[in-house]
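Just query-v3.csv here, CSV, C-alpha atoms:
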chain,number,residue,atom,x,y,z
A,1,MET,CA,1.6,-6.3,-3.9
A,2,ALA,CA,0.5,-9.9,-3.4
A,3,SER,CA,0.1,-10.8,-7.1
A,4,LEU,CA,-0.8,-14.3,-8.2
A,5,GLU,CA,1.5,-15.5,-10.9
A,6,GLU,CA,0.4,-19.1,-11.4
A,7,LEU,CA,-2.3,-21.4,-10.1
A,8,CYS,CA,-2.7,-25.2,-10.4
A,9,VAL,CA,-5.8,-26.8,-9.0
A,10,GLY,CA,-5.1,-30.5,-8.8
A,11,THR,CA,-8.4,-31.4,-7.1
A,12,TYR,CA,-11.1,-29.1,-5.7
A,13,ARG,CA,-14.8,-29.7,-6.0
A,14,SER,CA,-15.2,-31.0,-9.5
A,15,LEU,CA,-12.0,-29.3,-10.8
A,16,ARG,CA,-9.2,-31.6,-12.0
A,17,ASP,CA,-5.8,-30.4,-13.1
A,18,VAL,CA,-6.7,-26.8,-14.0
A,19,ARG,CA,-3.7,-24.6,-14.6
A,20,LEU,CA,-3.6,-20.9,-15.0
A,21,GLU,CA,-0.2,-19.6,-16.0
A,22,ARG,CA,1.3,-16.1,-16.3
A,23,LEU,CA,-1.6,-14.2,-14.8
A,24,GLY,CA,-1.8,-10.5,-15.6
A,25,ARG,CA,-3.2,-7.5,-13.7
A,26,MET,CA,-6.7,-8.1,-15.1
A,27,ASN,CA,-7.7,-11.7,-15.6
A,28,LEU,CA,-11.0,-12.9,-17.1
A,29,LEU,CA,-12.3,-16.5,-16.7
A,30,VAL,CA,-14.8,-17.4,-19.4
A,31,GLY,CA,-16.6,-20.7,-20.2
A,32,GLY,CA,-19.9,-22.4,-20.2
A,33,ASN,CA,-22.2,-23.0,-17.3
A,34,ASN,CA,-20.8,-25.5,-14.8
A,35,ALA,CA,-17.3,-25.2,-16.3
A,36,GLY,CA,-15.8,-24.4,-12.9
A,37,LYS,CA,-15.1,-20.7,-13.1
A,38,THR,CA,-16.5,-19.9,-9.6
A,39,SER,CA,-14.6,-22.8,-8.2
A,40,VAL,CA,-11.3,-21.4,-9.6
A,41,LEU,CA,-12.0,-18.1,-7.7
A,42,GLU,CA,-12.7,-20.1,-4.5
A,43,ALA,CA,-9.4,-22.1,-5.0
A,44,ILE,CA,-7.5,-18.8,-5.2
A,45,GLY,CA,-9.0,-17.6,-2.0
A,46,LEU,CA,-8.3,-20.8,-0.1
A,47,VAL,CA,-4.6,-21.2,-1.2
A,48,ALA,CA,-4.1,-17.5,-0.4
A,49,ARG,CA,-5.5,-17.8,3.1
A,50,PRO,CA,-5.5,-21.5,3.9
A,51,VAL,CA,-5.5,-21.4,7.7
A,52,ASP,CA,-8.0,-18.6,8.0
A,53,PRO,CA,-11.3,-20.1,9.2
A,54,GLY,CA,-13.2,-17.1,7.9
A,55,GLN,CA,-12.0,-17.8,4.3
A,56,TRP,CA,-13.4,-21.4,4.5
A,57,ILE,CA,-16.7,-20.1,6.0
A,58,GLN,CA,-17.0,-17.3,3.3
A,59,THR,CA,-16.3,-19.9,0.6
A,60,VAL,CA,-19.3,-21.9,1.8
A,61,THR,CA,-21.7,-19.0,2.5
A,62,ASN,CA,-21.0,-17.3,-0.8
A,63,ARG,CA,-22.7,-20.2,-2.4
A,64,ASP,CA,-25.4,-20.8,0.2
A,65,ALA,CA,-25.8,-18.2,3.0
A,66,SER,CA,-28.4,-20.2,4.9
A,67,GLY,CA,-27.3,-23.8,4.4
A,68,PRO,CA,-25.6,-25.9,7.1
A,69,LEU,CA,-22.0,-25.0,7.3
A,70,VAL,CA,-20.7,-28.5,7.8
A,71,ASP,CA,-22.5,-29.7,4.7
A,72,GLY,CA,-21.1,-26.8,2.7
A,73,LEU,CA,-17.6,-27.5,3.8
A,74,TRP,CA,-17.9,-31.2,3.0
A,75,ALA,CA,-19.1,-30.3,-0.5
A,76,LEU,CA,-15.8,-28.5,-1.2
A,77,PHE,CA,-14.0,-31.8,-1.3
A,78,PRO,CA,-13.8,-33.8,-4.6
A,79,GLY,CA,-16.2,-36.6,-5.1
A,80,SER,CA,-18.1,-35.8,-1.9
A,81,THR,CA,-21.6,-37.2,-1.4
A,82,ALA,CA,-24.1,-36.1,1.2
A,83,LEU,CA,-23.0,-36.7,4.8
A,84,THR,CA,-24.8,-39.6,6.5
A,85,LEU,CA,-22.4,-40.5,9.4
A,86,GLU,CA,-24.0,-43.9,9.7
A,87,GLY,CA,-20.7,-45.2,10.9
A,88,GLU,CA,-18.4,-43.5,13.4
A,89,SER,CA,-16.9,-41.0,10.9
A,90,GLU,CA,-16.4,-40.2,7.2
A,91,GLU,CA,-13.2,-39.2,5.4
A,92,SER,CA,-13.0,-37.1,2.3
A,93,ARG,CA,-10.7,-37.2,-0.7
A,94,PRO,CA,-8.0,-34.5,-0.6
A,95,ILE,CA,-8.1,-31.0,-2.0
A,96,SER,CA,-4.8,-30.1,-3.7
A,97,ILE,CA,-4.0,-26.6,-4.8
A,98,GLN,CA,-0.7,-25.0,-5.8
A,99,ALA,CA,0.1,-21.4,-6.5
A,100,ARG,CA,2.9,-18.9,-6.9
A,101,PHE,CA,2.6,-15.5,-5.3
A,102,GLU,CA,5.4,-13.0,-6.2
A,103,GLY,CA,7.8,-15.8,-7.0
A,104,GLN,CA,7.0,-17.8,-3.9
A,105,SER,CA,5.4,-21.1,-4.4
A,106,ARG,CA,2.8,-22.5,-2.0
A,107,GLN,CA,1.0,-25.8,-1.8
A,108,LEU,CA,-2.2,-26.6,0.1
A,109,ARG,CA,-3.3,-30.2,0.7
A,110,ALA,CA,-6.4,-30.6,2.8
A,111,GLU,CA,-8.6,-33.5,3.9
A,112,ALA,CA,-11.8,-33.5,5.9
A,113,LEU,CA,-12.9,-35.8,8.7
A,114,ALA,CA,-16.6,-35.7,9.6
A,115,PHE,CA,-17.8,-37.1,12.9
A,116,ILE,CA,-20.4,-36.7,15.7
A,117,GLU,CA,-19.1,-35.1,18.8
A,118,GLN,CA,-20.8,-35.2,22.2
A,119,ARG,CA,-20.3,-31.9,23.9
A,120,TRP,CA,-21.8,-29.8,26.7
A,121,ALA,CA,-22.5,-26.1,26.2
A,122,ASP,CA,-22.1,-23.6,29.1
A,123,SER,CA,-25.9,-23.2,29.2
A,124,ASP,CA,-26.4,-27.0,29.7
A,125,ARG,CA,-24.5,-27.4,33.0
A,126,ALA,CA,-27.7,-28.4,34.8
A,127,SER,CA,-28.3,-31.2,32.3
A,128,PRO,CA,-26.6,-34.5,32.6
A,129,ASP,CA,-26.9,-35.2,28.9
A,130,PRO,CA,-24.6,-33.9,26.2
A,131,ARG,CA,-25.6,-32.5,22.9
A,132,SER,CA,-24.6,-34.1,19.6
A,133,ASP,CA,-22.7,-31.9,17.3
A,134,VAL,CA,-21.6,-32.7,13.7
A,135,VAL,CA,-18.0,-31.7,13.2
A,136,VAL,CA,-16.0,-31.4,10.1
A,137,ARG,CA,-12.3,-31.3,10.9
A,138,LEU,CA,-10.0,-29.9,8.2
A,139,GLN,CA,-6.6,-31.5,8.3
A,140,MET,CA,-4.2,-29.4,6.3
A,141,GLU,CA,-0.6,-29.4,5.1
A,142,VAL,CA,0.7,-26.0,3.9
A,143,SER,CA,4.2,-25.7,2.4
A,144,ALA,CA,6.1,-22.8,0.9
A,145,GLY,CA,8.9,-23.5,-1.5
A,146,ASP,CA,11.0,-26.4,-0.5
A,147,ALA,CA,10.2,-26.0,3.2
A,148,THR,CA,8.8,-28.8,5.3
A,149,PRO,CA,4.9,-28.7,5.2
A,150,MET,CA,3.3,-27.3,8.2
A,151,LYS,CA,0.3,-29.2,9.6
A,152,HIS,CA,-2.8,-27.4,10.8
A,153,GLU,CA,-6.3,-28.5,11.9
A,154,LEU,CA,-9.5,-26.5,12.0
A,155,ASP,CA,-12.8,-27.8,13.5
A,156,PHE,CA,-16.1,-26.6,12.3
A,157,GLY,CA,-19.3,-27.6,14.0
A,158,SER,CA,-23.0,-27.4,13.3
A,159,THR,CA,-23.2,-25.1,16.4
A,160,PRO,CA,-21.1,-21.9,16.5
A,161,ARG,CA,-17.6,-22.1,18.0
A,162,ARG,CA,-14.5,-19.9,18.2
A,163,LEU,CA,-11.8,-20.6,15.7
A,164,PRO,CA,-8.5,-18.8,16.2
A,165,ILE,CA,-6.2,-18.3,13.2
A,166,PRO,CA,-3.1,-20.5,13.5
A,167,HIS,CA,0.3,-18.7,13.2
A,168,GLY,CA,3.2,-19.5,10.8
A,169,VAL,CA,1.4,-19.1,7.4
A,170,ALA,CA,1.4,-15.8,5.5
A,171,LEU,CA,-2.1,-14.7,4.7
A,172,PHE,CA,-2.5,-12.6,1.5
A,173,ARG,CA,-5.2,-9.9,1.1
A,174,VAL,CA,-8.1,-11.4,-0.8
A,175,PHE,CA,-11.6,-10.0,-1.1
A,176,VAL,CA,-14.5,-11.5,-3.0
A,177,VAL,CA,-17.5,-9.9,-4.7
A,178,THR,CA,-20.3,-12.3,-5.6
A,179,PRO,CA,-23.4,-11.7,-7.7
A,180,MET,CA,-25.3,-11.3,-4.4
A,181,THR,CA,-22.8,-9.1,-2.4
A,182,HIS,CA,-24.5,-5.8,-3.4
A,183,ARG,CA,-27.8,-7.1,-2.0
A,184,SER,CA,-26.3,-7.7,1.5
A,185,THR,CA,-26.4,-4.5,3.5
A,186,ALA,CA,-24.4,-6.1,6.2
A,187,GLN,CA,-21.5,-6.9,3.8
A,188,LEU,CA,-21.6,-3.5,2.3
A,189,ILE,CA,-21.5,-1.8,5.7
A,190,THR,CA,-18.5,-3.9,6.7
A,191,HIS,CA,-16.6,-2.9,3.6
A,192,LEU,CA,-17.6,0.7,3.8
A,193,SER,CA,-16.6,1.0,7.5
A,194,HIS,CA,-13.1,-0.2,6.6
A,195,VAL,CA,-12.9,2.1,3.6
A,196,ILE,CA,-13.9,5.1,5.7
A,197,ASP,CA,-11.2,4.2,8.3
A,198,GLU,CA,-8.6,3.9,5.5
A,199,GLY,CA,-9.6,7.3,4.0
A,200,THR,CA,-10.5,5.9,0.6
A,201,LYS,CA,-14.2,6.5,0.5
A,202,GLY,CA,-13.8,9.1,-2.2
A,203,LYS,CA,-13.2,6.3,-4.8
A,204,ALA,CA,-16.6,4.7,-4.1
A,205,VAL,CA,-18.3,8.1,-4.4
A,206,GLU,CA,-16.5,8.7,-7.7
A,207,LEU,CA,-17.9,5.5,-9.2
A,208,LEU,CA,-21.4,6.2,-7.9
A,209,ARG,CA,-21.3,9.5,-9.8
A,210,MET,CA,-21.0,7.6,-13.0
A,211,PHE,CA,-24.5,6.3,-12.4
A,212,ASP,CA,-25.9,9.5,-10.9
A,213,PRO,CA,-23.8,12.8,-11.1
A,214,HIS,CA,-25.8,14.3,-8.2
A,215,VAL,CA,-24.4,11.9,-5.6
A,216,SER,CA,-22.1,13.8,-3.2
A,217,ASP,CA,-21.4,11.5,-0.3
A,218,VAL,CA,-22.0,8.1,1.2
A,219,LEU,CA,-22.6,7.6,5.0
A,220,ILE,CA,-23.3,5.0,7.6
A,221,SER,CA,-26.3,5.9,9.6
A,222,ARG,CA,-28.0,4.1,12.6
A,223,PRO,CA,-31.7,4.8,12.4
A,224,PHE,CA,-34.0,2.8,14.8
A,225,GLY,CA,-31.0,0.9,16.3
A,226,ARG,CA,-29.8,-0.7,13.0
A,227,ASP,CA,-27.0,0.3,10.6
A,228,ALA,CA,-27.9,1.5,7.1
A,229,ILE,CA,-26.1,3.1,4.2
A,230,ARG,CA,-27.2,6.6,3.3
A,231,VAL,CA,-26.5,8.4,0.0
A,232,VAL,CA,-26.2,12.2,0.1
A,233,HIS,CA,-27.9,13.4,-3.1
A,234,GLU,CA,-27.9,17.0,-4.3
A,235,ARG,CA,-31.5,16.9,-5.4
A,236,ARG,CA,-33.2,14.2,-3.3
A,237,GLY,CA,-31.5,14.9,0.0
A,238,VAL,CA,-30.3,12.0,2.2
A,239,VAL,CA,-31.7,8.7,0.8
A,240,ASP,CA,-31.1,5.0,1.4
A,241,LEU,CA,-28.7,3.2,-0.9
A,242,ALA,CA,-31.5,0.7,-1.5
A,243,THR,CA,-33.5,3.3,-3.4
A,244,PHE,CA,-31.1,3.0,-6.2
A,245,GLY,CA,-31.0,0.3,-8.8
A,246,ASP,CA,-29.0,-3.0,-8.7
A,247,GLY,CA,-26.4,-1.7,-11.1
A,248,MET,CA,-25.4,1.2,-8.9
A,249,ARG,CA,-25.4,-1.0,-5.8
A,250,ARG,CA,-23.3,-3.6,-7.6
A,251,ALA,CA,-20.7,-0.9,-8.7
A,252,PHE,CA,-20.6,0.3,-5.1
A,253,ALA,CA,-19.9,-3.2,-3.8
A,254,MET,CA,-17.0,-3.6,-6.3
A,255,SER,CA,-15.6,-0.2,-5.4
A,256,VAL,CA,-15.5,-0.7,-1.7
A,257,ALA,CA,-14.2,-4.2,-2.0
A,258,LEU,CA,-11.4,-3.0,-4.3
A,259,SER,CA,-10.4,-0.4,-1.8
A,260,ARG,CA,-10.1,-3.0,1.0
A,261,ALA,CA,-8.1,-5.2,-1.3
A,262,SER,CA,-5.3,-2.6,-1.7
A,263,GLY,CA,-2.0,-4.5,-2.4
A,264,GLY,CA,-3.8,-7.8,-2.8
A,265,ILE,CA,-6.3,-9.6,-5.0
A,266,LEU,CA,-9.9,-8.9,-5.8
A,267,LEU,CA,-12.0,-11.8,-6.9
A,268,VAL,CA,-15.2,-10.9,-8.8
A,269,ASP,CA,-17.8,-13.6,-9.7
A,270,GLU,CA,-19.8,-12.5,-12.8
A,271,ILE,CA,-18.3,-9.1,-13.2
A,272,GLU,CA,-21.2,-8.0,-15.4
A,273,SER,CA,-23.9,-9.0,-13.0
A,274,ALA,CA,-26.7,-6.3,-12.5
A,275,ILE,CA,-24.7,-3.8,-14.7
A,276,HIS,CA,-26.2,-2.8,-18.0
A,277,ALA,CA,-24.1,-3.5,-21.0
A,278,ARG,CA,-23.7,0.2,-21.9
A,279,ALA,CA,-22.5,1.0,-18.3
A,280,LEU,CA,-19.8,-1.6,-18.5
A,281,ASP,CA,-17.9,0.6,-21.0
A,282,SER,CA,-17.4,3.2,-18.2
A,283,VAL,CA,-17.4,1.0,-15.1
A,284,LEU,CA,-14.7,-1.5,-16.2
A,285,PRO,CA,-12.2,1.2,-17.3
A,286,TRP,CA,-12.7,2.9,-13.9
A,287,LEU,CA,-12.3,-0.4,-12.1
A,288,VAL,CA,-9.1,-1.1,-14.0
A,289,ARG,CA,-7.7,2.4,-13.3
A,290,ALA,CA,-8.6,2.2,-9.6
A,291,ALA,CA,-7.0,-1.3,-9.3
A,292,GLY,CA,-3.8,0.0,-10.8
A,293,GLU,CA,-3.7,2.9,-8.3
A,294,ALA,CA,-4.4,0.6,-5.4
A,295,LYS,CA,-2.0,-2.1,-6.7
A,296,VAL,CA,-4.8,-4.7,-6.9
A,297,GLN,CA,-4.9,-7.7,-9.1
A,298,ILE,CA,-8.3,-8.6,-10.4
A,299,VAL,CA,-9.5,-12.1,-11.3
A,300,ALA,CA,-13.1,-12.2,-12.6
A,301,THR,CA,-15.5,-14.5,-14.2
A,302,THR,CA,-17.9,-13.5,-16.9
A,303,HIS,CA,-20.5,-14.8,-19.3
A,304,SER,CA,-20.7,-11.5,-21.2
A,305,LEU,CA,-19.1,-10.6,-24.5
A,306,GLU,CA,-19.8,-7.0,-23.5
A,307,ALA,CA,-17.6,-7.4,-20.5
A,308,VAL,CA,-14.8,-8.9,-22.6
A,309,ASP,CA,-15.0,-6.1,-25.1
A,310,ALA,CA,-15.1,-3.5,-22.3
A,311,SER,CA,-11.9,-4.9,-20.9
A,312,LEU,CA,-10.3,-4.6,-24.3
A,313,GLY,CA,-11.4,-1.0,-24.4
A,314,ALA,CA,-10.0,-0.3,-21.0
A,315,PHE,CA,-6.5,-1.5,-22.1
A,316,VAL,CA,-6.2,0.1,-25.5
A,317,SER,CA,-2.5,1.0,-25.1
A,318,ALA,CA,-1.6,-1.6,-22.4
A,319,PRO,CA,1.1,-4.2,-22.8
A,320,SER,CA,-0.3,-7.5,-24.1
A,321,ASP,CA,0.3,-9.4,-20.8
A,322,GLU,CA,-1.8,-6.9,-18.7
A,323,VAL,CA,-5.1,-8.5,-19.6
A,324,ILE,CA,-5.3,-12.3,-19.7
A,325,THR,CA,-8.4,-14.3,-20.6
A,326,TYR,CA,-8.7,-18.0,-19.7
A,327,HIS,CA,-11.3,-20.2,-21.5
A,328,LEU,CA,-12.2,-23.0,-19.2
A,329,ARG,CA,-14.1,-26.1,-20.3
A,330,ARG,CA,-14.7,-29.6,-19.1
A,331,SER,CA,-13.1,-32.6,-20.9
A,332,GLU,CA,-13.2,-36.3,-20.3
A,333,GLY,CA,-9.8,-36.2,-18.6
A,334,GLY,CA,-10.6,-33.2,-16.4
A,335,HIS,CA,-10.5,-29.6,-17.5
A,336,ALA,CA,-8.9,-27.8,-20.4
A,337,CYS,CA,-7.8,-24.2,-20.0
A,338,LEU,CA,-6.8,-22.0,-22.9
A,339,ARG,CA,-4.9,-18.8,-22.3
A,340,TYR,CA,-5.2,-15.6,-24.5
A,341,ASP,CA,-3.2,-12.5,-23.9
A,342,LEU,CA,-4.5,-9.0,-24.9
A,343,ASP,CA,-3.3,-9.2,-28.5
A,344,GLY,CA,-4.6,-12.7,-29.0
A,345,LEU,CA,-8.0,-11.8,-27.5
A,346,ARG,CA,-8.2,-8.7,-29.7
A,347,SER,CA,-7.5,-10.8,-32.8
A,348,LEU,CA,-10.2,-13.3,-31.9
A,349,ARG,CA,-12.8,-10.6,-31.3
A,350,ASP,CA,-11.8,-8.7,-34.5
A,351,GLU,CA,-12.6,-11.9,-36.3
A,352,GLY,CA,-16.0,-12.0,-34.6
A,353,LEU,CA,-15.3,-15.2,-32.6
A,354,ASP,CA,-17.3,-15.8,-29.5
A,355,ILE,CA,-14.7,-16.3,-26.8
A,356,ARG,CA,-17.2,-17.6,-24.3

Translate this file's structure into structure tokens.
Amino acid sequence: MASLEELCVGTYRSLRDVRLERLGRMNLLVGGNNAGKTSVLEAIGLVARPVDPGQWIQTVTNRDASGPLVDGLWALFPGSTALTLEGESEESRPISIQARFEGQSRQLRAEALAFIEQRWADSDRASPDPRSDVVVRLQMEVSAGDATPMKHELDFGSTPRRLPIPHGVALFRVFVVTPMTHRSTAQLITHLSHVIDEGTKGKAVELLRMFDPHVSDVLISRPFGRDAIRVVHERRGVVDLATFGDGMRRAFAMSVALSRASGGILLVDEIESAIHARALDSVLPWLVRAAGEAKVQIVATTHSLEAVDASLGAFVSAPSDEVITYHLRRSEGGHACLRYDLDGLRSLRDEGLDIR
């Protein structure tokens, strides 16, 4: 199991010196708006898979699926302003993230160089003029323990290009559920396809039955030349997943992502999103139980006291270090992060304090 034991974000987006120590199996990040909770999830994903181009692209598109990729990448770097490229190039300030996975430390340091590249596409062979492409080049150093840092470069352009994954750096299993994942049929189909191949679809069906006991199966269909997710319903017949509410689709998204994250880490942004407060009391205990069976560590953000209380209910007899809550807030010198184990969190809630 690729469990995260410690995270230190030196610089990333607006984060400064954020440290999460002694993470548990279930970890909740709480704090006000713009405290940096989502950025912490992104930092975990990047340090776990630093040389994977897909992880960098997903980090950008999870925030803005339709915005320019190069602008989104540039915005990841601390202190960045809008790209103008009035000169020959622009250099970013560095990203610095350290982590410890199962006793093995890892450090990621990355800088970005933005420039305009003149290039010819295969379709432009008849044209004597090149096309201008804005390129963001990520220059990374990744080190494990006391080993010499390994240098890697990834080029991302405003036009699509192939980006192979460099060798030599271990990539940990990390999957992300955002507040919008359940509204993307393409993402749900990708997850469900893998879950079917791995033989773990039954878990997703089990969770759907919490919302509707008459659900018997979930299928991928291809009507009219396009993929769709169909739900086999004992009363309604075969219906599209889209006919159900957001809460059920959200729970389905978390269940299939959790199955894919087996032996790794599941990152959930706004775990309470689209799920009614009363449903959290059953969904979160199920999620925790399924994560234990699949050996998945969960790191989630929340604004909801109901989600915090549901987590307490899911771990009634668990050791105190199984559930950890981190309260993140901005300060003049950077960020402050307070850690509460299960006993500490329960004491605060018993006293009626708002941990958010």

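Take CA of Gly79 in chain A and CA of Ser39 in chain A: the distance between them is 14.2 Å.
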
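As for CA of Glu86 in chain A and CA of Ile116 in chain A, they are spaced 10.0 Å apart.
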
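Between Leu29 in chain A and the residues A:His335, A:His303, A:Arg330, A:Lys203, the shortest atom-to-atom distance, using all atoms listed in the file, involves A:His303.
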
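Of the residues listed (A:Val215, A:Ile189, A:Val176, A:Leu46), A:Val176 shows the shortest atom-to-atom separation from Ala257 in chain A; distances use all atoms listed in the file.
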
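Of note, CA of Ala307 in chain A and CA of Ser184 in chain A are spaced 23.7 Å apart.
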
- Non-local contacts of Tyr340 in chain A (8 Å; only C-alpha atoms; under 4 positions in same chain excluded) as JSON, numbers by chain: {"A": [324, 325, 326, 344, 345]}

All heavy atoms restored at range 329-338 of chain A, emitted as a short mmCIF file (atom, residue, chain, number, x, y, z; two decimals), keeping the file's coordinate frame:
data_model
loop_
_atom_site.label_atom_id
_atom_site.label_comp_id
_atom_site.auth_asym_id
_atom_site.auth_seq_id
_atom_site.Cartn_x
_atom_site.Cartn_y
_atom_site.Cartn_z
N ARG A 329 -13.05 -25.16 -19.92
CA ARG A 329 -14.10 -26.10 -20.30
C ARG A 329 -13.78 -27.48 -19.80
O ARG A 329 -12.63 -27.84 -19.56
CB ARG A 329 -14.24 -26.14 -21.85
CG ARG A 329 -13.01 -26.62 -22.60
CD ARG A 329 -13.25 -26.66 -24.11
NE ARG A 329 -12.06 -27.04 -24.83
CZ ARG A 329 -11.67 -28.30 -25.02
NH1 ARG A 329 -12.39 -29.30 -24.54
NH2 ARG A 329 -10.56 -28.58 -25.70
N ARG A 330 -14.84 -28.24 -19.61
CA ARG A 330 -14.70 -29.60 -19.10
C ARG A 330 -14.27 -30.53 -20.28
O ARG A 330 -14.65 -30.32 -21.42
CB ARG A 330 -15.99 -30.14 -18.55
CG ARG A 330 -16.37 -29.50 -17.23
CD ARG A 330 -17.70 -30.05 -16.74
NE ARG A 330 -18.09 -29.49 -15.47
CZ ARG A 330 -17.73 -29.99 -14.30
NH1 ARG A 330 -16.97 -31.08 -14.25
NH2 ARG A 330 -18.13 -29.43 -13.19
N SER A 331 -13.49 -31.54 -19.94
CA SER A 331 -13.10 -32.60 -20.90
C SER A 331 -13.19 -33.91 -20.18
O SER A 331 -13.34 -33.97 -18.96
CB SER A 331 -11.73 -32.33 -21.48
OG SER A 331 -10.75 -32.42 -20.47
N GLU A 332 -13.08 -34.98 -20.94
CA GLU A 332 -13.20 -36.30 -20.30
C GLU A 332 -12.08 -36.54 -19.30
O GLU A 332 -12.28 -37.19 -18.28
CB GLU A 332 -13.14 -37.38 -21.40
CG GLU A 332 -14.36 -37.41 -22.30
CD GLU A 332 -14.33 -38.57 -23.27
OE1 GLU A 332 -13.36 -39.37 -23.19
OE2 GLU A 332 -15.25 -38.69 -24.09
N GLY A 333 -10.91 -35.99 -19.55
CA GLY A 333 -9.80 -36.20 -18.60
C GLY A 333 -9.69 -35.19 -17.52
O GLY A 333 -8.76 -35.24 -16.73
N GLY A 334 -10.62 -34.26 -17.44
CA GLY A 334 -10.60 -33.20 -16.40
C GLY A 334 -11.06 -31.90 -16.97
O GLY A 334 -12.19 -31.78 -17.42
N HIS A 335 -10.17 -30.91 -16.99
CA HIS A 335 -10.50 -29.60 -17.50
C HIS A 335 -9.43 -29.11 -18.45
O HIS A 335 -8.24 -29.38 -18.24
CB HIS A 335 -10.67 -28.57 -16.37
CG HIS A 335 -11.94 -28.72 -15.60
ND1 HIS A 335 -12.12 -29.71 -14.66
CD2 HIS A 335 -13.09 -28.00 -15.62
CE1 HIS A 335 -13.33 -29.59 -14.14
NE2 HIS A 335 -13.93 -28.56 -14.69
N ALA A 336 -9.87 -28.41 -19.48
CA ALA A 336 -8.90 -27.80 -20.40
C ALA A 336 -9.02 -26.27 -20.19
O ALA A 336 -10.11 -25.72 -20.01
CB ALA A 336 -9.25 -28.13 -21.85
N CYS A 337 -7.87 -25.60 -20.21
CA CYS A 337 -7.80 -24.20 -20.00
C CYS A 337 -6.94 -23.52 -21.03
O CYS A 337 -5.74 -23.79 -21.08
CB CYS A 337 -7.33 -23.86 -18.57
SG CYS A 337 -7.46 -22.14 -18.10
N LEU A 338 -7.53 -22.67 -21.89
CA LEU A 338 -6.80 -22.00 -22.90
C LEU A 338 -6.51 -20.54 -22.49
O LEU A 338 -7.41 -19.87 -21.98
CB LEU A 338 -7.56 -21.99 -24.25
CG LEU A 338 -7.86 -23.36 -24.84
CD1 LEU A 338 -8.69 -23.22 -26.11
CD2 LEU A 338 -6.57 -24.12 -25.12
#
